[in-house]
>>> print(open('target28.txt').read())   # compact mmCIF, C-alpha atoms
# COMPACT_ATOMS: atom_id res chain seq x y z
CA MET A 3 0.00 0.00 0.00
CA LYS A 4 1.41 3.37 -1.07
CA LEU A 5 0.58 5.85 1.68
CA GLY A 6 0.28 9.62 2.01
CA ILE A 7 0.19 11.51 5.31
CA LEU A 8 -1.57 14.86 5.64
CA GLY A 9 -1.50 16.61 9.00
CA GLY A 10 -3.21 19.75 10.23
CA SER A 11 -5.61 21.18 12.78
CA PHE A 12 -8.60 20.74 10.40
CA ALA A 13 -10.39 23.48 12.27
CA PRO A 14 -12.52 23.16 10.26
CA VAL A 15 -11.72 20.76 7.45
CA HIS A 16 -12.37 22.52 4.16
CA ASN A 17 -12.62 21.68 0.46
CA GLY A 18 -8.96 22.57 -0.03
CA HIS A 19 -7.92 19.73 2.29
CA ILE A 20 -10.05 17.20 0.41
CA PHE A 21 -8.95 18.54 -2.99
CA LEU A 22 -5.28 18.31 -1.99
CA ALA A 23 -5.67 14.73 -0.72
CA GLU A 24 -7.35 13.70 -3.97
CA LYS A 25 -4.70 15.47 -6.04
CA ALA A 26 -1.93 13.71 -4.08
CA ILE A 27 -3.55 10.33 -4.68
CA ALA A 28 -3.78 11.00 -8.42
CA GLU A 29 -0.32 12.53 -8.93
CA LEU A 30 1.71 10.40 -6.53
CA LYS A 31 -0.15 7.16 -7.31
CA LEU A 32 -1.13 6.68 -3.67
CA ASP A 33 -3.55 4.06 -2.43
CA ARG A 34 -4.58 6.02 0.64
CA VAL A 35 -4.10 9.33 2.42
CA VAL A 36 -4.14 9.36 6.22
CA PHE A 37 -5.38 12.59 7.79
CA VAL A 38 -3.65 13.27 11.13
CA PRO A 39 -5.45 15.90 13.24
CA ALA A 40 -3.22 17.84 15.62
CA TYR A 41 -3.84 17.45 19.36
CA ARG A 42 -5.13 20.88 20.21
CA SER A 43 -6.68 23.58 18.11
CA PRO A 44 -5.58 26.98 19.42
CA PHE A 45 -8.70 28.70 18.14
CA LYS A 46 -11.68 29.53 20.35
CA LEU A 47 -15.16 30.87 20.03
CA ASP A 48 -15.81 34.46 20.95
CA GLU A 49 -17.14 33.42 24.35
CA GLY A 50 -13.94 31.45 25.05
CA ILE A 51 -15.25 27.91 24.49
CA GLU A 52 -12.59 25.82 22.77
CA ILE A 53 -13.46 23.68 19.76
CA THR A 54 -12.90 20.14 20.95
CA ALA A 55 -10.87 17.43 19.28
CA LYS A 56 -14.12 15.48 18.90
CA ASP A 57 -15.68 18.34 16.92
CA ARG A 58 -12.72 18.42 14.54
CA ILE A 59 -12.64 14.62 14.17
CA ASP A 60 -16.39 14.46 13.57
CA MET A 61 -16.24 17.13 10.87
CA LEU A 62 -13.35 15.35 9.16
CA ALA A 63 -14.95 11.91 9.43
CA ALA A 64 -18.28 13.18 8.12
CA SER A 65 -16.52 14.76 5.14
CA ILE A 66 -14.95 11.46 3.98
CA VAL A 67 -17.84 9.14 4.86
CA GLY A 68 -17.79 5.94 2.80
CA ASP A 69 -14.49 6.82 1.06
CA TYR A 70 -11.97 4.01 1.52
CA ARG A 71 -9.19 6.16 0.01
CA PHE A 72 -9.03 8.25 3.16
CA ASP A 73 -8.25 7.29 6.75
CA ILE A 74 -8.01 9.25 10.00
CA ASP A 75 -5.31 8.59 12.58
CA ILE A 76 -5.54 10.27 15.99
CA CYS A 77 -2.08 9.36 17.28
CA GLU A 78 -1.26 13.02 17.99
CA ILE A 79 -4.51 13.52 19.90
CA ARG A 80 -3.83 10.37 21.93
CA ARG A 81 -0.26 11.51 22.56
CA GLU A 82 -1.37 14.98 23.73
CA GLY A 83 1.02 17.85 24.24
CA ILE A 84 3.34 18.90 21.41
CA SER A 85 3.63 16.32 18.66
CA TYR A 86 6.61 16.49 16.34
CA THR A 87 6.32 15.20 12.79
CA ILE A 88 9.14 12.70 13.34
CA ASN A 89 7.19 11.06 16.20
CA THR A 90 4.03 10.83 14.12
CA LEU A 91 5.89 9.51 11.09
CA GLU A 92 7.64 6.76 13.07
CA ASP A 93 4.34 5.78 14.71
CA ILE A 94 2.47 5.50 11.42
CA LEU A 95 5.30 3.62 9.73
CA GLU A 96 5.25 1.02 12.50
CA ARG A 97 1.48 0.46 12.34
CA TYR A 98 0.63 0.86 8.65
CA LEU A 99 3.68 -0.84 7.09
CA PRO A 100 3.41 1.03 3.76
CA ASP A 101 5.12 -0.07 0.58
CA GLY A 102 8.20 2.09 0.28
CA LYS A 103 8.43 5.58 1.70
CA PRO A 104 5.15 7.31 2.53
CA ALA A 105 4.51 10.76 1.06
CA LEU A 106 4.54 13.43 3.76
CA ILE A 107 2.27 16.10 2.28
CA ILE A 108 2.99 19.67 3.39
CA GLY A 109 2.18 23.14 2.10
CA ASP A 110 4.79 25.43 0.63
CA ASP A 111 4.15 27.81 3.55
CA LEU A 112 5.71 25.17 5.84
CA ALA A 113 8.37 23.94 3.41
CA THR A 114 10.44 27.11 3.70
CA ASP A 115 11.45 26.25 7.26
CA PHE A 116 11.43 22.48 6.87
CA LEU A 117 15.14 22.05 7.62
CA LYS A 118 14.50 23.64 11.04
CA TRP A 119 12.02 20.89 11.95
CA ARG A 120 13.08 18.42 14.62
CA GLU A 121 15.14 15.61 13.01
CA SER A 122 14.39 16.87 9.51
CA ASN A 123 17.16 14.69 8.06
CA THR A 124 15.57 11.60 9.59
CA ILE A 125 12.20 12.64 8.14
CA LEU A 126 13.81 12.87 4.69
CA ARG A 127 15.24 9.38 5.15
CA LEU A 128 11.88 7.88 6.18
CA ALA A 129 9.48 9.74 3.89
CA ASP A 130 9.19 11.53 0.57
CA VAL A 131 8.33 15.16 1.32
CA ALA A 132 5.60 16.19 -1.12
CA ILE A 133 5.09 19.96 -1.30
CA ALA A 134 1.77 21.42 -2.40
CA HIS A 135 1.15 24.94 -3.65
CA ARG A 136 -0.58 26.91 -0.92
CA VAL A 137 0.70 30.49 -0.95
CA ASN A 138 3.13 30.25 -3.87
CA SER A 139 1.83 29.43 -7.33
CA LYS A 140 5.36 29.54 -8.80
CA MET A 141 7.96 26.79 -8.64
CA VAL A 142 10.41 27.18 -5.74
CA ASP A 143 13.71 25.34 -5.41
CA TYR A 144 13.91 23.97 -1.87
CA PRO A 145 17.36 22.89 -0.53
CA PHE A 146 16.33 19.30 0.25
CA ALA A 147 14.96 16.28 -1.61
CA HIS A 148 11.27 16.80 -2.36
CA ILE A 149 8.39 16.23 -4.75
CA ILE A 150 6.20 19.05 -6.04
CA ILE A 151 2.45 18.38 -6.24
CA LYS A 152 1.15 20.34 -9.21
CA ASN A 153 -2.04 21.53 -7.61
CA GLU A 154 -3.89 24.78 -8.12
CA THR A 155 -3.40 27.37 -5.38
CA LEU A 156 -6.80 27.56 -3.68
CA ASN A 157 -7.45 30.67 -1.66
CA ILE A 158 -9.04 28.77 1.22
CA SER A 159 -7.88 28.68 4.81
CA SER A 160 -9.46 27.48 8.03
CA HIS A 161 -8.63 30.85 9.60
CA GLU A 162 -10.59 32.72 6.91
CA ILE A 163 -13.51 30.29 7.19
CA ARG A 164 -13.66 30.76 10.96
CA ARG A 165 -13.63 34.54 10.47
CA ARG A 166 -16.46 34.39 7.96
CA ILE A 167 -18.54 32.11 10.19
CA GLY A 168 -18.09 34.39 13.19
CA GLU A 169 -18.94 37.50 11.16
CA GLY A 170 -21.92 35.95 9.39
CA GLY A 171 -20.25 36.01 5.98
CA ASP A 172 -20.34 33.51 3.10
CA TRP A 173 -18.49 30.30 3.98
CA GLN A 174 -20.63 27.23 3.26
CA GLY A 175 -19.29 26.76 -0.26
CA LEU A 176 -15.77 26.36 1.16
CA VAL A 177 -16.57 23.47 3.50
CA PRO A 178 -17.80 19.92 2.73
CA PRO A 179 -21.61 19.85 3.27
CA GLU A 180 -21.32 17.17 5.96
CA ALA A 181 -19.01 19.43 7.98
CA VAL A 182 -21.32 22.39 7.34
CA ALA A 183 -24.15 20.44 8.99
CA ILE A 184 -22.04 19.80 12.11
CA ILE A 185 -20.96 23.46 12.37
CA LYS A 186 -24.58 24.55 12.17
CA GLU A 187 -25.92 21.94 14.55
CA ARG A 188 -23.25 22.56 17.23
CA LYS A 189 -23.01 26.33 16.66
CA LEU A 190 -19.25 26.10 16.17
CA TYR A 191 -16.90 29.03 15.51
CA GLY A 192 -19.52 31.54 16.64
CA TYR A 193 -22.15 30.40 14.12
CA ASN A 194 -25.49 31.90 15.12
CA GLY A 195 -27.59 31.41 12.02
CA ASP A 196 -30.30 28.98 11.05
CA SER A 197 -29.50 25.33 11.84
CA ARG A 198 -31.62 23.94 9.02
CA PRO A 199 -31.25 20.16 8.64
CA GLU A 200 -29.10 19.00 5.75
CA PRO A 201 -30.28 16.36 3.26
CA PRO A 202 -29.57 12.83 4.53
CA PRO A 203 -26.66 10.83 3.07
CA ASP A 204 -27.71 9.19 -0.19
CA SER A 205 -26.28 5.67 0.18
CA VAL A 206 -26.80 2.90 2.69
CA ILE A 207 -23.09 2.85 3.60
CA GLN A 208 -23.18 6.59 4.21
CA ARG A 209 -26.25 6.21 6.43
CA ILE A 210 -24.66 3.39 8.43
CA GLU A 211 -21.37 5.23 8.80
CA THR A 212 -23.18 8.37 9.91
CA ALA A 213 -25.18 6.34 12.44
CA ALA A 214 -21.97 4.79 13.78
CA ARG A 215 -20.32 8.20 14.14
CA GLU A 216 -23.34 9.66 15.92
CA THR A 217 -23.92 6.63 18.17
CA LEU A 218 -20.45 5.45 19.16
CA SER A 219 -17.70 7.15 21.09
CA THR A 220 -15.05 8.82 18.92
CA GLU A 221 -12.50 6.07 19.64
CA ARG A 222 -15.01 3.30 18.90
CA PHE A 223 -16.19 4.96 15.70
CA LEU A 224 -12.63 5.40 14.43
CA HIS A 225 -11.96 1.74 15.29
CA SER A 226 -14.98 0.83 13.14
CA ARG A 227 -13.71 2.95 10.27
CA HIS A 228 -10.19 1.48 10.54
CA THR A 229 -11.79 -1.99 10.51
CA ALA A 230 -13.84 -1.10 7.43
CA ILE A 231 -10.78 0.13 5.52
CA HIS A 232 -8.67 -2.86 6.59
CA ALA A 233 -11.49 -5.21 5.57
CA TYR A 234 -11.72 -3.45 2.21
CA ASP A 235 -8.02 -4.10 1.59
CA LEU A 236 -8.22 -7.73 2.73
CA CYS A 237 -11.24 -8.38 0.52
CA ARG A 238 -9.39 -7.04 -2.49
CA ARG A 239 -6.48 -9.32 -1.66
CA PHE A 240 -8.61 -12.44 -1.30
CA GLY A 241 -11.01 -11.89 -4.21
CA LEU A 242 -14.07 -10.81 -2.21
CA ASP A 243 -16.28 -7.76 -2.81
CA PRO A 244 -14.36 -4.91 -1.11
CA MET A 245 -17.48 -2.87 -0.42
CA ASP A 246 -19.04 -5.82 1.41
CA GLY A 247 -15.96 -5.74 3.62
CA TYR A 248 -16.28 -2.00 4.15
CA LEU A 249 -19.99 -2.32 4.96
CA ALA A 250 -19.48 -5.12 7.48
CA GLY A 251 -16.53 -3.32 9.02
CA ILE A 252 -18.28 0.01 9.49
CA GLY A 253 -21.34 -1.70 10.97
CA HIS A 254 -19.75 -4.42 13.11
CA ASP A 255 -19.81 -2.42 16.37
CA LEU A 256 -23.01 -0.50 15.70
CA ALA A 257 -24.63 -1.94 18.87
CA LYS A 258 -21.52 -1.68 21.05
CA GLN A 259 -22.88 1.03 23.33
CA ILE A 260 -26.39 -0.37 23.74
CA GLU A 261 -27.21 -1.37 27.32
CA ASN A 262 -26.93 -5.09 28.08
CA LYS A 263 -30.64 -5.54 28.86
CA GLN A 264 -31.66 -3.95 25.57
CA MET A 265 -29.00 -5.97 23.73
CA LEU A 266 -30.42 -9.21 25.11
CA ASN A 267 -33.91 -8.16 24.11
CA ILE A 268 -32.86 -7.30 20.54
CA VAL A 269 -31.16 -10.67 20.03
CA LYS A 270 -33.94 -12.68 21.71
CA THR A 271 -36.66 -10.93 19.70
CA ALA A 272 -34.78 -11.75 16.50
CA GLY A 273 -34.79 -15.44 17.47
CA MET A 274 -31.00 -15.76 17.49
CA ASP A 275 -29.22 -18.32 19.67
CA ILE A 276 -27.70 -17.09 22.90
CA SER A 277 -25.01 -19.16 24.61
CA ALA A 278 -24.59 -19.52 28.35
CA LEU A 279 -21.48 -17.34 28.17
CA GLU A 280 -23.42 -14.65 26.27
CA MET A 281 -26.23 -14.79 28.83
CA ASP A 282 -23.65 -14.23 31.55
CA LYS A 283 -21.86 -11.49 29.60
CA PRO A 284 -24.45 -9.83 27.32
CA ASN A 285 -21.88 -7.39 25.94
CA LEU A 286 -20.61 -10.32 23.86
CA LEU A 287 -23.90 -10.09 21.95
CA HIS A 288 -23.07 -6.73 20.38
CA GLY A 289 -22.19 -8.38 17.06
CA LYS A 290 -25.49 -10.24 16.84
CA ALA A 291 -27.39 -7.12 17.89
CA ALA A 292 -25.55 -5.09 15.24
CA ALA A 293 -26.55 -7.64 12.58
CA VAL A 294 -30.19 -7.25 13.65
CA LEU A 295 -29.91 -3.45 13.41
CA LEU A 296 -28.34 -3.67 9.96
CA ARG A 297 -31.14 -5.91 8.73
CA GLU A 298 -34.08 -4.14 10.35
CA ARG A 299 -33.01 -0.50 10.34
CA PHE A 300 -30.94 -0.35 7.17
CA SER A 301 -32.47 -3.20 5.11
CA ILE A 302 -29.19 -5.10 4.74
CA HIS A 303 -30.04 -8.62 3.58
CA ASN A 304 -26.63 -9.79 2.39
CA GLU A 305 -26.22 -12.94 4.49
CA ASP A 306 -22.43 -12.89 4.22
CA VAL A 307 -22.32 -9.37 5.66
CA LEU A 308 -24.80 -10.20 8.42
CA GLU A 309 -22.89 -13.35 9.39
CA ALA A 310 -19.58 -11.48 9.45
CA VAL A 311 -21.00 -8.82 11.77
CA ALA A 312 -22.83 -11.29 14.02
CA ILE A 313 -19.84 -13.53 14.79
CA HIS A 314 -16.95 -11.08 14.64
CA THR A 315 -16.25 -11.50 18.37
CA SER A 316 -15.99 -15.27 18.71
CA GLY A 317 -15.89 -16.66 15.19
CA SER A 318 -17.42 -19.97 14.17
CA GLU A 319 -16.05 -23.26 12.87
CA ASN A 320 -18.12 -22.93 9.70
CA MET A 321 -17.67 -19.20 9.15
CA GLY A 322 -17.55 -17.86 5.60
CA GLN A 323 -14.71 -16.01 3.91
CA LEU A 324 -16.08 -12.53 4.60
CA ALA A 325 -16.63 -13.43 8.26
CA LYS A 326 -12.99 -14.48 8.48
CA VAL A 327 -11.93 -11.15 7.00
CA ILE A 328 -13.98 -9.14 9.51
CA PHE A 329 -12.74 -11.23 12.45
CA ILE A 330 -9.16 -10.50 11.35
CA ALA A 331 -9.74 -6.83 10.48
CA ASP A 332 -11.42 -6.11 13.80
CA LYS A 333 -8.38 -7.31 15.72
CA THR A 334 -5.56 -6.11 13.47
CA GLU A 335 -6.69 -2.68 12.22
CA ALA A 336 -4.16 0.15 12.29
CA SER A 337 -4.97 1.58 15.72
CA ARG A 338 -4.57 -1.79 17.47
CA ASN A 339 -1.41 -2.43 19.47
CA ILE A 340 -0.17 -5.60 17.75
CA ASP A 341 3.25 -6.76 16.64
CA SER A 342 4.50 -6.01 13.15
CA ALA A 343 4.85 -9.72 12.30
CA LEU A 344 1.08 -10.15 12.54
CA ARG A 345 0.51 -7.03 10.46
CA ARG A 346 2.91 -8.41 7.86
CA MET A 347 0.98 -11.70 7.80
CA CYS A 348 -2.14 -9.78 6.78
CA MET A 349 -0.29 -8.67 3.65
CA GLU A 350 1.44 -11.91 2.74
CA ASP A 351 -0.07 -15.09 4.22
CA THR A 352 -3.17 -17.18 3.48
CA LEU A 353 -6.52 -16.23 4.98
CA ASP A 354 -6.73 -19.28 7.24
CA ASN A 355 -3.16 -18.87 8.49
CA ILE A 356 -3.86 -15.25 9.38
CA LEU A 357 -7.12 -16.26 11.06
CA LEU A 358 -5.35 -18.92 13.12
CA ALA A 359 -2.65 -16.51 14.30
CA VAL A 360 -5.20 -13.82 15.19
CA LEU A 361 -7.45 -16.33 16.97
CA GLU A 362 -4.60 -17.74 19.03
CA LYS A 363 -3.60 -14.26 20.18
CA SER A 364 -7.22 -13.37 20.97
CA ILE A 365 -7.73 -16.51 23.04
CA ALA A 366 -4.45 -15.96 24.90
CA LYS A 367 -5.53 -12.41 25.70
CA VAL A 368 -8.90 -13.58 27.04
CA LYS A 369 -7.28 -16.26 29.19
CA ALA A 370 -4.72 -13.78 30.53
CA LYS A 371 -7.61 -11.71 31.86
CA GLY A 372 -9.01 -14.77 33.64
CA MET A 373 -12.09 -14.82 31.40
CA ASP A 374 -13.86 -17.76 29.75
CA VAL A 375 -13.26 -18.48 26.08
CA SER A 376 -16.36 -19.10 23.99
CA ASP A 377 -17.02 -22.62 22.71
CA ASP A 378 -17.30 -21.21 19.18
CA SER A 379 -13.75 -19.86 19.39
CA LEU A 380 -12.39 -23.14 20.72
CA ARG A 381 -14.11 -25.19 18.02
CA LEU A 382 -12.79 -22.82 15.36
CA LEU A 383 -9.29 -23.09 16.81
CA LYS A 384 -9.44 -26.88 16.72
CA LYS A 385 -10.64 -26.92 13.12
CA LEU A 386 -7.96 -24.49 11.91
CA LYS A 387 -5.20 -26.45 13.63
CA GLU A 388 -6.44 -29.73 12.14
CA ARG A 389 -6.60 -28.19 8.71
CA LYS A 390 -3.08 -26.81 9.02
CA ASN A 391 -1.67 -30.17 10.14
>>> encode(input="target28.txt", output="structure tokens")
Amino acid sequence: MKLGILGGSFAPVHNGHIFLAEKAIAELKLDRVVFVPAYRSPFKLDEGIEITAKDRIDMLAASIVGDYRFDIDICEIRREGISYTINTLEDILERYLPDGKPALIIGDDLATDFLKWRESNTILRLADVAIAHRVNSKMVDYPFAHIIIKNETLNISSHEIRRRIGEGGDWQGLVPPEAVAIIKERKLYGYNGDSRPEPPPDSVIQRIETAARETLSTERFLHSRHTAIHAYDLCRRFGLDPMDGYLAGIGHDLAKQIENKQMLNIVKTAGMDISALEMDKPNLLHGKAAAVLLRERFSIHNEDVLEAVAIHTSGSENMGQLAKVIFIADKTEASRNIDSALRRMCMEDTLDNILLAVLEKSIAKVKAKGMDVSDDSLRLLKKLKERKN
């Protein structure tokens, strides 16, 4: 996977950010661009209320809903404090394992002082610095190895958008409509106009992804989106429909934050089997409950997708190929703390070998916590080991 990295405060995300990411993908032949929001936005509303990291993440996530070309990584927000590019770059390299050097996308306003950045020489060794036109439409010769992205210079800045919002000026054409809706709804950046509802997303994946973002915590939603993107890639590798993988991935934790009593009721009403372990720990039913929600609320009737969502926690000895992909993707997506050998397996090994390795690690983790392992997981483990031998 050829990767691009685009950092910024995204306060708010605007059409220039999306345009630049798309231009980088086209010109640099990238498979994906990872947006990396900075930890803290220094900008505040007139009354002194700071725009939260969640607001910025939600606007960014809403603006790329359903688009597998774009990912969001919140390593700098998790890290807190001052994040240096070298730290972020090393972190992403370790977790994403890109093919070759990633493209570090920066504006020409930052490139002038690049050699003053912390460990700039190490950055140049680890990444290709790709410079986009931002304030300078002419070619500039920078004294370090770099690539020039031949983009148009768009006169758009988050600072100008915030000013226009606060002063009641024209701004909505500069921001993705999904982010516009969030700014209006939450009265961000001093917005005090009409919060008219925006048209709903026009595809089932968009509706499910929007529901996940609005229902789940930020961390859980981003995990779902990482899982969806990872599943998309795995499906492409193993000859499955990538959008089925994305759909199952984005919806697999849709019921994660439903109360246990309601979760039990959803699964019972649907007539699904409930094991003794699931009765004792109803939170294990969130996959089955999510499958019910996908079928009943979003009219998803693809049995492969529903199975993959329903059994993504424990697996099953007779699980289908898509279910295997979702089980793997859920536990090996980019934000998970796993070793690089397992990540490498996802790129190189057979589906069943990857599944066996992931299952063994999952079972070991459950046992280390002193918890019971589901019978479905144990039967699946036995079958995979017999098949391998």
>>> residues_around(input="target28.txt", residues="segment 177-190 of chain A", least_positions_apart="6", cutoff="6 Å", atoms="only C-alpha atoms", output="list of chain:residue names")
A:His16, A:Asn17, A:Met61, A:Ala64, A:Ser65, A:Ser197
>>> residues_around(input="target28.txt", residues="segment 283-286 of chain A", least_positions_apart="3", cutoff="12 Å", atoms="only C-alpha atoms", output="NGL selection string")
:A and (255 or 257-270 or 276-280 or 289-292 or 312-317 or 373-376)
>>> closest_residue(input="target28.txt", among="A:Ile7, A:Ala293, A:Leu236, A:Ile84", to="Leu353 of chain A", atoms="all atoms listed in the file")
A:Leu236
>>> atom_distance(input="target28.txt", atom1="atom CA of Leu358 of chain A", atom2="atom CA of Ile340 of chain A")
15.0 Å
>>> residues_near_point(input="target28.txt", point="(-11.6, 8.0, 7.2)", cutoff="10 Å", atoms="all atoms listed in the file", output="PyMOL selection string")
chain A and resi 34-37+59+62-75+224+226-228+230-231
>>> atom_distance(input="target28.txt", atom1="atom CA of Ile151 of chain A", atom2="atom CA of Asp93 of chain A")
24.5 Å
>>> atom_distance(input="target28.txt", atom1="atom CA of Asp275 of chain A", atom2="atom CA of Leu287 of chain A")
10.1 Å
>>> closest_residue(input="target28.txt", among="A:Val311, A:Ala233, A:Leu22, A:Leu176", to="Ala336 of chain A", atoms="all atoms listed in the file")
A:Ala233
>>> residues_around(input="target28.txt", residues="Arg120 of chain A", least_positions_apart="3", cutoff="9 Å", atoms="only C-alpha atoms", output="number ranges by chain")
A: 86-88, 116-117, 123-125
>>> closest_residue(input="target28.txt", among="A:Cys348, A:Tyr248, A:Trp173, A:Asp196", to="Gln208 of chain A", atoms="all atoms listed in the file")
A:Tyr248
>>> residues_near_point(input="target28.txt", point="(-0.4, 11.1, -7.1)", cutoff="12 Å", atoms="all atoms listed in the file", output="list in words")
Lys4, Leu5, Gly6, Leu22, Ala23, Glu24, Lys25, Ala26, Ile27, Ala28, Glu29, Leu30, Lys31, Leu32, Asp33, Arg34, Val35, Pro104, Ala105, Ile107, Ala132, Ile133, Ala134, Ile149, Ile150, Ile151, Lys152 and Asn153 of chain A
>>> residues_around(input="target28.txt", residues="Leu380 of chain A", least_positions_apart="6", cutoff="10 Å", atoms="all atoms listed in the file", output="list in words")
Ser316, Gly317, Ser318, Glu319, Leu361, Glu362, Ile365 and Leu386 of chain A
>>> closest_residue(input="target28.txt", among="A:Gly192, A:Gly109, A:Gly372, A:Gly247", to="Arg165 of chain A", atoms="only C-alpha atoms")
A:Gly192
>>> closest_residue(input="target28.txt", among="A:His254, A:Arg338, A:Lys369, A:Arg215", to="Ala310 of chain A", atoms="only C-alpha atoms")
A:His254
>>> closest_residue(input="target28.txt", among="A:Gly102, A:His161, A:Arg346, A:Lys387", to="Arg127 of chain A", atoms="all atoms listed in the file")
A:Gly102
>>> residues_around(input="target28.txt", residues="Lys326 of chain A", least_positions_apart="2", cutoff="9 Å", atoms="all atoms listed in the file", output="list of chain:residue names")
A:Ala310, A:His314, A:Gly317, A:Met321, A:Gly322, A:Gln323, A:Leu324, A:Ile328, A:Phe329, A:Ile330, A:Ala331, A:Leu353, A:Asp354, A:Leu357
>>> axis_aligned_box(input="target28.txt", around="segment 261-266 of chain A", padding_each_side="8 Å", output="AutoDock Vina command-line options")
--center_x -29.3 --center_y -5.3 --center_z 26.3 --size_x 20.7 --size_y 23.8 --size_z 21.1
>>> decode(input="target28.txt", residues="segment 169-184 of chain A", atoms="N, CA and C atoms", output="short mmCIF file (atom, residue, chain, number, x, y, z; two decimals), in the first residue's frame")
data_model
loop_
_atom_site.label_atom_id
_atom_site.label_comp_id
_atom_site.auth_asym_id
_atom_site.auth_seq_id
_atom_site.Cartn_x
_atom_site.Cartn_y
_atom_site.Cartn_z
N GLU A 169 -18.43 36.20 11.60
CA GLU A 169 -18.94 37.50 11.16
C GLU A 169 -20.22 37.38 10.33
N GLY A 170 -20.70 36.15 10.16
CA GLY A 170 -21.92 35.95 9.39
C GLY A 170 -21.74 36.10 7.89
N GLY A 171 -20.52 35.89 7.41
CA GLY A 171 -20.25 36.01 5.98
C GLY A 171 -20.52 34.72 5.22
N ASP A 172 -20.15 34.70 3.94
CA ASP A 172 -20.34 33.51 3.10
C ASP A 172 -19.20 32.53 3.37
N TRP A 173 -19.53 31.28 3.66
CA TRP A 173 -18.49 30.30 3.98
C TRP A 173 -18.88 28.87 3.59
N GLN A 174 -20.19 28.62 3.40
CA GLN A 174 -20.63 27.23 3.26
C GLN A 174 -20.11 26.56 1.99
N GLY A 175 -19.83 27.34 0.96
CA GLY A 175 -19.29 26.76 -0.26
C GLY A 175 -17.83 26.34 -0.15
N LEU A 176 -17.18 26.69 0.97
CA LEU A 176 -15.77 26.36 1.16
C LEU A 176 -15.57 25.10 1.99
N VAL A 177 -16.64 24.57 2.55
CA VAL A 177 -16.57 23.47 3.50
C VAL A 177 -17.42 22.31 2.99
N PRO A 178 -16.97 21.05 3.13
CA PRO A 178 -17.80 19.92 2.73
C PRO A 178 -19.17 20.00 3.42
N PRO A 179 -20.26 19.68 2.70
CA PRO A 179 -21.61 19.85 3.27
C PRO A 179 -21.82 19.10 4.57
N GLU A 180 -21.16 17.94 4.72
CA GLU A 180 -21.32 17.17 5.96
C GLU A 180 -20.73 17.92 7.16
N ALA A 181 -19.61 18.62 6.92
CA ALA A 181 -19.01 19.43 7.98
C ALA A 181 -19.84 20.69 8.24
N VAL A 182 -20.42 21.24 7.18
CA VAL A 182 -21.32 22.39 7.34
C VAL A 182 -22.45 22.05 8.31
N ALA A 183 -23.03 20.86 8.14
CA ALA A 183 -24.15 20.44 8.99
C ALA A 183 -23.73 20.39 10.46
N ILE A 184 -22.51 19.90 10.72
CA ILE A 184 -22.04 19.80 12.11
C ILE A 184 -21.79 21.19 12.69
#
